[in-house]
Structures are given as C-alpha cells and as structure tokens.
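Data block for final.txt (compact mmCIF, C-alpha atoms):
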# COMPACT_ATOMS: atom_id res chain seq x y z
CA MET A 1 -60.01 97.82 0.36
CA ASP A 2 -58.01 94.75 1.37
CA THR A 3 -54.27 94.83 1.99
CA VAL A 4 -53.39 92.66 -1.04
CA THR A 5 -55.02 95.14 -3.43
CA MET A 6 -53.08 98.00 -1.85
CA LEU A 7 -49.82 96.08 -2.21
CA ILE A 8 -50.58 95.35 -5.87
CA ARG A 9 -51.17 99.05 -6.52
CA ILE A 10 -47.86 99.99 -4.92
CA LEU A 11 -46.05 97.26 -6.89
CA VAL A 12 -47.55 98.38 -10.21
CA ALA A 13 -46.59 102.00 -9.50
CA ALA A 14 -43.03 101.00 -8.62
CA LEU A 15 -42.66 98.91 -11.80
CA LEU A 16 -43.99 101.66 -14.05
CA GLY A 17 -41.77 104.26 -12.40
CA GLY A 18 -38.82 101.89 -12.69
CA ALA A 19 -39.45 101.50 -16.43
CA ILE A 20 -39.10 105.26 -16.90
CA GLY A 21 -36.07 105.27 -14.59
CA MET A 22 -34.32 102.61 -16.66
CA GLU A 23 -34.62 104.80 -19.75
CA ARG A 24 -33.22 107.78 -17.81
CA ALA A 25 -30.37 105.65 -16.43
CA TYR A 26 -29.57 104.45 -19.96
CA ARG A 27 -29.25 108.09 -20.98
CA ALA A 28 -26.99 108.71 -17.95
CA LYS A 29 -29.27 111.40 -16.56
CA GLU A 30 -29.11 112.88 -13.07
CA ALA A 31 -32.11 110.89 -11.81
CA GLY A 32 -32.10 107.24 -12.84
CA PHE A 33 -33.81 103.98 -11.99
CA ARG A 34 -33.79 104.22 -8.20
CA THR A 35 -35.05 107.80 -8.10
CA HIS A 36 -38.00 107.19 -10.44
CA PHE A 37 -38.73 103.86 -8.74
CA LEU A 38 -38.95 105.53 -5.33
CA VAL A 39 -40.91 108.56 -6.58
CA ALA A 40 -43.62 106.37 -8.15
CA LEU A 41 -43.75 104.04 -5.14
CA GLY A 42 -43.96 106.95 -2.70
CA ALA A 43 -46.65 108.70 -4.72
CA ALA A 44 -48.75 105.54 -4.79
CA LEU A 45 -48.30 105.06 -1.06
CA PHE A 46 -49.36 108.63 -0.34
CA MET A 47 -52.37 108.18 -2.62
CA ILE A 48 -53.48 105.05 -0.77
CA LEU A 49 -52.85 106.69 2.58
CA SER A 50 -54.85 109.73 1.53
CA ALA A 51 -57.83 107.68 0.35
CA HIS A 52 -57.85 104.80 2.85
CA GLY A 53 -55.59 105.72 5.73
CA PHE A 54 -58.34 107.25 7.84
CA ASN A 55 -61.11 104.67 7.54
CA ASP A 56 -61.15 104.25 11.29
CA VAL A 57 -62.20 107.86 11.78
CA VAL A 58 -65.89 108.17 12.56
CA PHE A 59 -67.69 110.59 10.23
CA THR A 60 -70.29 112.66 11.98
CA ASP A 61 -72.20 115.79 11.16
CA ASN A 62 -69.41 117.83 12.75
CA VAL A 63 -66.45 115.94 11.22
CA ARG A 64 -65.53 116.04 7.55
CA LEU A 65 -62.24 114.87 6.11
CA ASP A 66 -60.83 115.86 2.71
CA VAL A 67 -59.24 112.62 1.50
CA SER A 68 -57.44 114.44 -1.33
CA ARG A 69 -55.31 116.68 0.89
CA ILE A 70 -52.33 114.32 1.22
CA ALA A 71 -52.42 113.44 -2.49
CA ALA A 72 -52.50 117.15 -3.37
CA GLN A 73 -49.29 117.73 -1.42
CA VAL A 74 -47.48 115.19 -3.60
CA VAL A 75 -48.05 117.42 -6.63
CA SER A 76 -46.35 120.39 -4.99
CA GLY A 77 -43.84 118.35 -3.00
CA ILE A 78 -42.37 116.64 -6.06
CA GLY A 79 -41.38 120.11 -7.26
CA PHE A 80 -38.63 120.24 -4.65
CA ILE A 81 -37.05 117.07 -6.02
CA GLY A 82 -37.42 118.28 -9.58
CA ALA A 83 -35.84 121.62 -8.74
CA GLY A 84 -32.79 119.80 -7.43
CA THR A 85 -32.13 118.29 -10.86
CA ILE A 86 -32.22 121.63 -12.72
CA ILE A 87 -28.87 123.35 -13.23
CA PHE A 88 -28.31 126.82 -14.68
CA GLN A 89 -24.82 127.11 -16.13
CA ARG A 90 -23.28 129.44 -18.68
CA GLN A 91 -26.67 130.94 -19.59
CA ALA A 92 -28.11 127.50 -20.31
CA VAL A 93 -30.55 125.36 -18.35
CA HIS A 94 -29.93 121.62 -17.87
CA GLY A 95 -32.13 119.00 -16.27
CA LEU A 96 -35.58 120.26 -17.27
CA THR A 97 -36.49 116.98 -18.96
CA THR A 98 -35.39 115.00 -15.90
CA ALA A 99 -37.43 117.26 -13.62
CA ALA A 100 -40.48 116.89 -15.85
CA GLY A 101 -39.93 113.12 -15.89
CA LEU A 102 -39.98 112.98 -12.10
CA TRP A 103 -43.13 115.08 -12.05
CA VAL A 104 -45.02 112.81 -14.47
CA THR A 105 -43.64 109.71 -12.71
CA ALA A 106 -45.25 110.94 -9.50
CA ALA A 107 -48.54 111.38 -11.38
CA ILE A 108 -48.27 107.84 -12.73
CA GLY A 109 -47.62 106.55 -9.23
CA MET A 110 -50.68 108.38 -7.93
CA ALA A 111 -52.81 106.94 -10.74
CA ALA A 112 -51.64 103.43 -9.89
CA GLY A 113 -52.25 104.12 -6.22
CA ALA A 114 -55.82 105.09 -7.09
CA GLY A 115 -56.27 101.81 -8.98
CA LEU A 116 -56.25 103.41 -12.44
CA PHE A 117 -53.88 100.81 -13.86
CA ILE A 118 -54.74 101.26 -17.53
CA ILE A 119 -54.30 105.03 -17.36
CA ALA A 120 -51.02 104.64 -15.47
CA ALA A 121 -49.68 102.08 -17.94
CA PHE A 122 -50.80 104.08 -20.98
CA SER A 123 -49.16 107.22 -19.56
CA THR A 124 -45.93 105.29 -18.97
CA VAL A 125 -45.89 104.13 -22.60
CA LEU A 126 -46.43 107.71 -23.78
CA VAL A 127 -43.59 108.95 -21.57
CA LEU A 128 -41.21 106.31 -22.95
CA ILE A 129 -42.26 107.18 -26.50
CA GLY A 130 -41.60 110.85 -25.82
CA LEU A 131 -38.24 110.22 -24.19
CA GLU A 132 -36.85 107.48 -26.41
CA ILE A 133 -38.56 107.23 -29.79
CA LEU A 134 -39.07 110.94 -30.38
CA ASN A 135 -35.54 111.58 -29.12
CA SER A 136 -34.20 109.47 -32.01
CA LEU A 137 -36.16 111.65 -34.45
CA MET A 138 -34.96 114.95 -32.97
CA PRO A 139 -31.62 115.09 -34.85
CA HIS A 140 -33.57 115.41 -38.10
CA THR A 141 -35.33 118.57 -36.92
CA VAL A 142 -33.13 120.07 -34.20
CA HIS A 143 -29.41 120.81 -34.31
CA ARG A 144 -27.58 118.89 -31.60
CA SER A 145 -24.87 120.55 -29.53
CA ILE A 146 -21.24 119.93 -30.46
CA LYS A 147 -18.20 119.74 -28.19
CA VAL A 148 -14.93 121.29 -29.28
CA THR A 149 -11.44 120.99 -27.82
CA LEU A 150 -8.79 123.25 -29.34
CA THR A 151 -5.47 124.93 -28.64
CA ALA A 152 -4.37 128.44 -29.57
CA ALA A 153 -1.16 130.41 -29.45
CA ASP A 154 -2.72 133.18 -27.38
CA GLU A 155 -6.02 134.23 -25.81
CA GLU A 156 -6.59 136.90 -28.48
CA THR A 157 -6.93 134.18 -31.12
CA VAL A 158 -9.46 132.38 -28.94
CA GLN A 159 -11.50 135.56 -28.56
CA ARG A 160 -11.57 136.06 -32.33
CA LEU A 161 -12.97 132.58 -32.75
CA LEU A 162 -15.58 133.14 -30.05
CA SER A 163 -16.65 136.40 -31.66
CA GLN A 164 -17.09 134.66 -35.00
CA ILE A 165 -19.18 131.91 -33.38
CA ARG A 166 -21.43 134.49 -31.69
CA GLU A 167 -21.86 136.35 -34.98
CA ASP A 168 -23.13 133.10 -36.50
CA GLY A 169 -25.85 133.00 -33.86
CA ALA A 170 -24.52 129.87 -32.17
CA LEU A 171 -24.90 129.60 -28.39
CA ILE A 172 -21.86 128.86 -26.24
CA VAL A 173 -23.32 126.49 -23.65
CA SER A 174 -20.13 125.90 -21.67
CA TYR A 175 -16.57 127.21 -21.91
CA SER A 176 -13.27 126.65 -20.09
CA LEU A 177 -9.79 128.09 -20.73
CA SER A 178 -6.49 126.78 -19.38
CA GLN A 179 -2.89 126.16 -20.44
CA ASN A 180 -1.49 122.84 -21.60
CA VAL A 181 2.03 121.50 -21.09
CA GLN A 182 3.24 123.42 -24.18
CA CYS A 183 1.97 126.65 -22.59
CA ARG A 184 -0.67 127.00 -25.31
CA GLN A 185 -4.21 128.09 -24.58
CA LEU A 186 -6.39 125.00 -24.14
CA VAL A 187 -10.10 125.58 -24.76
CA ARG A 188 -12.98 123.21 -24.15
CA MET A 189 -16.44 124.37 -25.09
CA GLU A 190 -19.89 123.12 -25.97
CA LEU A 191 -21.86 124.90 -28.69
CA LYS A 192 -25.52 124.93 -29.65
CA PRO A 193 -25.25 125.48 -33.41
CA SER A 194 -27.56 127.76 -35.36
CA ARG A 195 -27.37 125.68 -38.54
CA SER A 196 -26.64 122.16 -39.72
CA ASN A 197 -23.07 120.93 -40.30
CA TYR A 198 -21.75 123.65 -38.00
CA ALA A 199 -18.81 121.45 -37.01
CA ASP A 200 -17.44 121.90 -40.54
CA ARG A 201 -17.76 125.65 -40.15
CA VAL A 202 -15.76 125.59 -36.91
CA LEU A 203 -13.07 123.55 -38.65
CA HIS A 204 -12.99 126.16 -41.42
CA TYR A 205 -12.49 128.95 -38.89
CA ALA A 206 -9.68 127.02 -37.23
CA ALA A 207 -7.91 126.52 -40.56
CA SER A 208 -8.19 130.21 -41.43
CA MET A 209 -6.89 131.52 -38.08
CA GLU A 210 -3.16 131.34 -37.52
CA GLY A 211 -2.06 129.57 -34.35
CA LEU A 212 -5.40 127.77 -33.86
CA SER A 213 -5.59 123.98 -33.86
CA ILE A 214 -8.62 121.73 -33.32
CA GLU A 215 -7.77 118.78 -31.09
CA ASN A 216 -11.21 117.15 -31.05
CA ILE A 217 -14.72 117.94 -32.22
CA GLU A 218 -17.86 115.83 -31.81

Could you spell out this file's structure in structure tokens?
Amino acid sequence: MDTVTMLIRILVAALLGGAIGMERAYRAKEAGFRTHFLVALGAALFMILSAHGFNDVVFTDNVRLDVSRIAAQVVSGIGFIGAGTIIFQRQAVHGLTTAAGLWVTAAIGMAAGAGLFIIAAFSTVLVLIGLEILNSLMPHTVHRSIKVTLTAADEETVQRLLSQIREDGALIVSYSLSQNVQCRQLVRMELKPSRSNYADRVLHYAASMEGLSIENIE
C-alpha cells in the first residue's frame, strides 16, 4: 500500500471521530472533540501499523506473524480510557455513554484504517443518530432527572422530605446540605423521578411542609 492511501485512511478516521466528538462537545460531556478525534486517529494508525508495518520482515517456513495482534490490543486498551470517564457517585453511574462512545469511535477508526470507508461512515451516522436524534425522543418515553434547590428551617424537615421522595420510588442521584447566610438549611439535590410531572409533586410537598421553601427547580 502506498503512503498516500495510508494518509487518506488516517484522515478519514480522524474526521469521522471528530464528528462524534463535536456532538459530545455540544452536550458538554467529559470527552469532547479532541478526545474522539485522537482516539479515531490513533486506532486507524495502529490498524495500519498492524497490517502493513512489518512488510519488510521476510516470511519463511519458521517465521509467522499475526498481523492482527496490534489491532486486537486497541480493543482492550481503549477500555482504560473509557474507564476514566465513568464516575460512580451517590449510588449512580455517570459517563457510561461517553465511555461507549469512545469505544465505538475506536472501532470506527480501525475500520477506516483497514480501508472500510463505507462501513466506518455508516457506523458514524448510526452513532450520531443514536446520540442526537434518539436523545431528542427520549423525554417522551423516559423521565428526565430534575434539580432542586431548597431551604428549610431545620434538618428534620429536610429528612421528612427525603423520606417522602424515597417512598415515591424516586432516586436521589446527588445531594448536598449546607447553611445559607440566614442560617437556614440549604439543600441541593438531583432526582431521578419515578413518574411524569414529578416536579409538581415536589412543589406540593414543599407547600405542605412548614418551614420548607423551594428556591429553584428545573
């Protein structure tokens, strides 16, 4: 294979990876354009190196080289990068989609590095559809998390509210408790609701509990 063809394969991989990275950057995710760009480029480079980097080695009856060994290490090696984007906090996991995106971006880069341009491009389109178009349809089928900021007269009132939320089956994704300048309990939390219009239910609880005031809910 000539050098120009190799360069074209690396360029195509980088562009396809960058397209996915731009979508991730637009969503303000942990890994954005540069990360996906480099992952796809590197995967394509490893693929080319694995397939054509040892052409000067003489094959004899006693020498056999497995040209897939380097490429195979990309599949497992990308897991270390993906693991770095996954965060476990407050009994909730964040970053799984970003990790999966890096994993499939590496696969797209390897496909481009192997010269499978149509497969690489088609896979990129499917990834963007899954990340962007289907994401816009998700609110109609899945309840989005809501963020609540509130103040309370004492911690006991806060605990009563939290107990009611847990009884509803809602998941408390994150939670912080501090005191504001008026010495009231300041609570910031993120909830994964168990039903639609759960923000209205939280507002109802706040109105029915003395000393509880909702500062912001979204």

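Excluding stretch 10-13 of chain A and any residue on its chain fewer than 6 positions from it, the residues at most 10 Å away by all atoms listed in the file are Val4, Ala19, Phe37, Leu38, Val39, Ala40, Leu41, Gly42, Ala43, Ala44, Leu45, Phe46, Met47, Ile48, Thr105, Ala106, Ala107, Ile108, Gly109, Met110, Ala111, Ala112, Gly113, Ala114, Gly115, Phe117, Ala120 and Ala121 of chain A.
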
Practice problem: State, in Å with one decimal place, the distance from atom CA of A:Asp66 to atom CA of A:Ala99. | Solution: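 Calculated distance between atom CA of A:Asp66 and atom CA of A:Ala99 is 28.6 Å.
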
> Smallest atom-to-atom distance to A:Glu155: which of A:Ile70, A:Ala207, A:Cys183, A:Gly17, using only C-alpha atoms?
Replying inline: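 Between A:Ile70, A:Ala207, A:Cys183, A:Gly17, the residue approaching A:Glu155 most closely is A:Cys183.
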
What gap, in Å, lies between atom CA of A:Asp200 and atom CA of A:Arg184?
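Computing the Euclidean distance for atom CA of A:Asp200 and atom CA of A:Arg184 yields 23.2 Å.
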
Leaving out A:Ala170 and any residue of its chain fewer than 3 positions from it, which residues lie within 9 Å of it when counting only C-alpha atoms, given as a ChimeraX atom specification?
/A:165-167,191-195,198

- Query: Which residue, A:Ser178, A:Leu171, A:Gln164, A:Thr151, has the smallest gap to A:Leu212 when you use only C-alpha atoms?
  - Reply: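 Ranking A:Ser178, A:Leu171, A:Gln164, A:Thr151 by distance to A:Leu212, first place goes to A:Thr151.
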
Would you mind telling me which residue in A:Glu23, A:Asp2, A:Glu190, A:Glu218 lies nearest to A:Ile129 when using all atoms listed in the file?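 Ranked by minimum distance to A:Ile129, first place goes to A:Glu23.
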
One number please: atom CA of A:Gly82 to atom CA of A:Leu126, in Å, one decimal.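 Computing it gives 19.9 Å between the two atoms.
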
Among A:Ile78, A:Ala152, A:Ile119, A:Ile214, A:Leu16 is approached most closely, using all atoms listed in the file, by A:Ile119

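Using only C-alpha atoms, the shortest contact distance between A:Ser145 and any of A:Leu102, A:Ile118, A:Ala72, A:Ile172 is found at A:Ile172.
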
Residue with the minimum atom-to-atom distance to A:Gly18, picked from A:Thr97, A:Thr3, A:Thr124, A:Ile81 with all atoms listed in the file counted, is A:Thr124
